[in-house]
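This report refers to the structure that appears directly beneath it.
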Amino acid sequence: MQHGRFLYGLQFAFTIAVCAFLVVPVVMSILAGLTVNYFVGLESGLTLRWVLEVWDGYRDTLFLSLGLALACLVLTLLLGVPLAYLLARSRGRLARAIEELLMLPVAVPGLATALGLIVAYGGLAGFRTSAAFILVGHVLFTLPFMVRSVLAVLSVIDLPTLEEGAASLGAGFAQRFRDIVLPNCRNGILAGALMVVTLSMGEFNMTWLLHTPFTKTLPVGLADAYASLRLEIGSAYTLIFFLLITPLLLALQALARPRRTVFAERDPSAENDS
Amino acid sequence: MPRRQFLLLLLPAALFFSAFFLLPMARLFFIGASGESGWLAYLAIVTDANYFRALWTTLAVAAVTTVLTLAISSIAGVFLERHRFPGRAALVAAMTLPLAFPGVVVGFMVIMLAGRQGIIGEVFTMFGGERPIFAYSLAGLCMGYVYFSIPRTILTIMAAAEKLDPRLEEAARSFGATPWQVVRDVILPGLRPALISAGAICFATAVGAFGTAFTLATRIEVLPMVIYTEFTMSANIAMAAALSFSLGAVAWLALAVARSASGSTVAAAG
Amino acid sequence: MMQAVPISLENCAKTFTDGTRALEPVDLAIAAGETLVLLGPSGCGKTTTLRLIAGLEQPDAGGRVLFGGEDVTALPIEKRNVGMVFQSYALFPNMSVAENIAYGLRLRRQSAAEQRARVGEMLALMRIERLADRSIDQLSGGQRQRVALARALAVRPRALLLDEPLTALDAKLRDTLRFEIDSLLRELGITAIYVTHDQAEAMALGDRIVVMDHGRIAQVGAPRDIYQRPASRYVAEFIGTMNRLSGHAEGEVFRCPGGYVAWPELPATAREILFRPEDTRIAAEGEAASLRGTVSAAFFCGDHVRLFVDVGEERPLVLETPARREYRHGETVALAVERHGLMVL
C-alpha cells in the first residue's frame with residue numbers, strides 16, 4: 001500500500017506540473033497585459049492603458065473575427081447538417097468517400113489550402129479583397145467539425161427506426177427532418193457550433209495568407225502585435241482574445257463532458273412497472 | 001434513402017467543396033509544375049539540399065513533439081480519469097482550456113515561458129544559474145507544439161481510459177500482476193487506438209502548423225516557413241505550390257497510416 | 001372500434017440491391033380483424049414480409065400488396081395509415097409521452113381539443129395516464145412499449161404491425177404484456193400482423209401462424225394445427241420440443257436402439273418416428289417396458305421434473321414427469337409412448 005501511495009503522489013505531482021506548464025504562461029501574459037512595465041515587474045503598477053491602446057488600434061480585427069465566425073457558423077449549419085444527416089443515413093462506400101474527402105482541408109496544412117484559393121481566385125479582385133475570401137477558407141476548415149459533431153449524435157440514436165416510426169404515423173420526408181432529425185441532433189449541432197465559432201476565431205494558418213490590410217482578423221492582428229509592438233501590448237491583446245474565447249471553450253467543455261460508461265448490467269424494465 | 005433526396009442534400013456542400021477546395025487544389029497542382037524545373041519541382045523536396053534539410057527538421061520536430069505529448073498526456077490523462085479528488089474538475093478544465101488557442105497565441109505562450117523575460121529564465125537566475133532563452137529555437141518550437149497538443153490529447157486519452165473495463169485490470173491483478181505489468185499488459189494495449197489516433201493528429205499538426213513557427217520565426221527553418229518564404233519573399237509561387245503538396249502529402253500520410261493502424265477515423269486540427 | 005381491413009400479398013418477393021433474396025414469391029391473405037403471427041428464426045424473411053405490408057420496402061416487380069380492395073403497392077408507409085410497433089420502441093426522445101402519442105394526430109391536422117381527447121383515451125386504454133408528461137428516457141421498457149402501442153393506435157390505423165415488440169423485455173414482463181396485447185387485439189378487432197421468433201408468443205397470440213424458413217412459407221395454420229400436425233420436420237422441430245427415434249419398421253412395431261414402439265398405423269418405410277414430450281411418460285409398474293434408457297439429466301422444476309433419457313439416439317428423449325419421485329443420473333428407466341401422439345414426417 002505504501003508503494004501505491006507513492007505512485008499516486010508521483011502522478012499527482014506530475015499532473016500538477018503539466019497543468020502549470022499550460023496555465024502559468026496564460027497567467028503571465030494576462031499579468032503582462034495589465035502591468036505598467038513588465039520588464040520592471042508588477043511593482044511598476046497595474047494599468048488598463050495597454051488594453052485600451054489595443055482596443056483603439058485593433059478593435060476592427062475583433063469585430064471582423066466575430067462577424068466571420070458567425071457567418072462561418074451559418075454556412076456550416078446550412079451545408080453541414082444536411083450532409084451529416086445524409087452520411088448518418090447511408091453508410092455505403094460513397095458516404096465513406098465523402099466523409100474522407102471532407103476531412104482533407106483539415107488534414108492538409110492550411111497554408112496549402114490558402115495557396116490553392118489564391119491561385120484559383122486571387123484574380124477576382126472584388127472577392128480577393130473582401131472578407132468573404134477568408135470566410136471561404138474558414139468554412140472549408142470548420143465544416144468537417146460540424147459534420148462530425150452532428151454525425152456523432154446521429155449515429156448514437158437509432159435514426160432509421162425513429163424515422164420509420166414517424167413515417168408510419170404519416171410523416172413525409174420534410175416533416176421527419178423537422179420533427180425528428182433536427183430536434184434529436186440539437187446537442188450535436190450545439191457542440192459543432194461552438195467548435196466552429198472557436199476554430200474560426202482562432203484560425204491563423206490560412207487566414208495569414210488570405211487576409212489583406214483591410215481584412216485583418218484577430219489572430220492576424222495578434223501576430224502583428226507580437227512581431228512589432230512591445231510585450232505589454234501583445235499581452236493585452238492576448239488578454240482580449242482570452243476573454244472572447246474562454247466562455248466558448250467553457251461551454252464546449254460543459255457540453256462535451258463525457259457520459260459515464262456503465263459496466264454493471266442495468267435493466268431499466270426492472271423498476272416499477274404497473 | 002431515395003436517390004433524389006440524397007443528391008438534393010449533397011448538392012450544396014458538394015458545390016461549395018468542389019469550387020473552393022477541389023478546383024483550387026487541382027489548379028495548385030498544375031501551378032506547382034509551371035516553374036522553371038517543371039514537374040521536377042515535385043521532387044525538389046528530396047533533390048534540393050535546403051528543402052530536404054527543412055523536411056528532415058520538420059519531421060524530427062514532429063516526431064519529438066508526438067512522443068513527448070503522448071508520454072505526458074497518457075500519464076496525466078489516465079491519472080485524471082482514474083482518481084477523484086477535490087479540485088479535479090477545475091484541474092481538467094484548466095488543462096483543456098488551451099484547446100483552441102491558435103498557433104500564434106501558443107507561440108506567445110512559449111515566449112512567456114522561455115523568452116527573454118520568460119518564467120523559466122527567472123527560475124534559473126533565481127537559483128544563480130544562467131538564463132536560458134530557447135523560445136526562438138527548435139526546442140521552443142517543439143515546446144509550442146507540445147503545448148498545443150496536450151489538451152486535445154489528454155481529452156482523447158481520458159475518453160479512452162474511461163472506456164477501459166476496470167474488470168480487466170481486476171482480472172489481471174487476480175492473476176498476480178504488479179502495477180507495472182497491469183500498465184504494460186492491460187492499460188497501454190487498451191489505450192493503443194487512442195494513442196495512435198491522437199499521435200497522428202499531433203504529428204500532422206506539427207508538420208503543417210504555421211502560426212507558432214511564425215511567431216517564434218527568426219531562427220527556425222521548418223517546411224511551412226520555407227513555403228511561406230518562397231511565396232512571399234521570392235514570389236516563387238510554383239515552388240511554394242509544389243512544396244505545399246509535399247507537405248500536405250506528409251501530413252495526410254501520417255493520418256492515413258494511423259487510421260489503418262487504429263481502425264478508427266482520425267482527424268487533425270490546428 | 002377500428003375499421004378492420006383484410007390484407008393480402010400477391011406474388012410478393014424481395015431481392016435487395018446487393019442481390020440477396022430475402023423473400024421468395026409469397027401469397028398471403030389476412031382476414032379483417034385477424035391476428036396473424038409471422039414466426040421463424042432470424043433471416044427467415046418474416047420481418048421483410050412485415051416491411052412489405054408496412055410499405056417500408058417495395059416488393060420486386062410483379063408483387064402486389066392490397067388493403068381491402070385497394071392496391072397500395074406504390075404507396076410509401078406514410079400514406080398507408082398503418083400503426084407500427086418496433087422492437088426498439090422507436091419513441092421520439094425529443095417529445096414527451098403525450099406528445100409522442102399526439103404526433104400522428106398532429107400530422108393529420110386534428111384540432112388541439114381532438115388531439116387531447118384522443119391522447120387521453122389512449123393513455124387510459126394502455127393504463128399509463130400518470131406517465132403523460134414524462135420524457136421517454138424516464139420510462140422502463142414495458143412502459144415504453146405501452147406508449148408505442150398507444151401511439152400506433154391513436155391514429156386509428158387500418159392495420160397494426162408489430163415487429164418483435166416484446167423481444168427487448170425480460171421474461172416476466174413479456175408474459176404480462178403478451179396477455180395485455182392479446183386482450184387489446186381482441187377488444188379492438190383490428191387486423192394485426194405480429195412478427196416474432198418466439199414460438200410461445202406466436203401460439204398465445206396468433207389466430208393463425210405463418211412459419212417461415214429461408215424466405216419461404218413453411219406452413220400456415222392455427223396454432224393447434226401447427227403444433228399437432230406439423231407439415232415438415234422443420235416446423236415440427238421449430239415449434240415446441242420433438243422427441244425422435246430412429247430405426248426401422250417391422251410390421252406394426254418400430255425397432256430402435258432403445259427397444260421398440262408398437263404402432264398399428266406404422267408406415268412400412270418409416271426410418272424415424274416423432275412424438276412430443278407430453279406424449280412420453282415413465283412406464284407404469286407392470287406395464288410392458290418396450291423402451292429403456294438411462295437418465296442423463298433431471299431438472300427439478302417445482303411441480304414437475306424435466307427428464308432427459310438416453311436411449312442410444314443422437315439426442316436424449318425429453319419428458320416431464322411428476323416431481324414426487326427423485327431421479328438419479330445414470331438410473332435406468334422404462335418409457336412408454338402414447339400412440340395418438342406418434343407421427344412420421
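Identifiers for the C-alpha cells are assigned positionally: chains receive A, B, ... in sequence, residues are indexed from 1 per chain, and ligands are indexed from 1 in the order shown.
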
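Within 7 Å of chain A, chain C contributes the residues C:Ile77, C:Glu78, C:Lys79, C:Asn81, C:Val82, C:Gly83, C:Met84, C:Ala90, C:Leu91, C:Phe92, C:Asn94, C:Gly104, C:Leu107, C:Ser140, C:Gly141, C:Gly142, C:Gln143, using only C-alpha atoms.
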
Using only C-alpha atoms, tabulate the residues of chain C lying at most 12 Å from any atom of chain B, each with its closest atom pair and that distance in Å to one decimal, by chain and increasing residue number, as a Markdown table.
| residue | atom | partner | partner_atom | distance |
| --- | --- | --- | --- | --- |
| C:Leu56 | CA | B:Met1 | CA | 11.0 |
| C:Glu57 | CA | B:Met1 | CA | 11.3 |
| C:Pro76 | CA | B:Pro2 | CA | 11.6 |

Given only C-alpha atoms as the basis, pick out the residue of C:Glu278, C:Asp198, C:Asp18, C:Glu326 nearest to Glu164 of chain C.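 Between C:Glu278, C:Asp198, C:Asp18, C:Glu326, the residue approaching Glu164 of chain C most closely is C:Asp198.
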
Contact set, chain A to chain B: 6 Å, only C-alpha atoms, as a count of residues only: 15

How many Å lie between atom CA of Val305 of chain C and atom CA of Phe275 of chain C, rounded to one decimal?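 So the answer is 18.6 Å.
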
Output as a VMD selection string all residues of segment 58-249 of chain C that backbone DSSP marks as helix (DSSP H, G or I). chain C and resid 77 to 79 97 to 107 112 to 125 129 to 131 136 to 138 141 to 154 171 to 188 199 to 205 223 to 228 233 to 238

Can you list, as an MDAnalysis selection string, every protein, DNA or RNA residue that comes within 7 Å of Glu232 of chain A when you count only C-alpha atoms, leaving out same-chain residues fewer than 5 positions away? chainID A and resid 32:33 38 50

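Near Ser8 of chain C, within 7 Å and counting only C-alpha atoms, sit C:Leu28, C:Ala29, C:Ile30, C:Val65, C:Leu66, C:Phe67; same-chain residues fewer than 4 positions away were not included.
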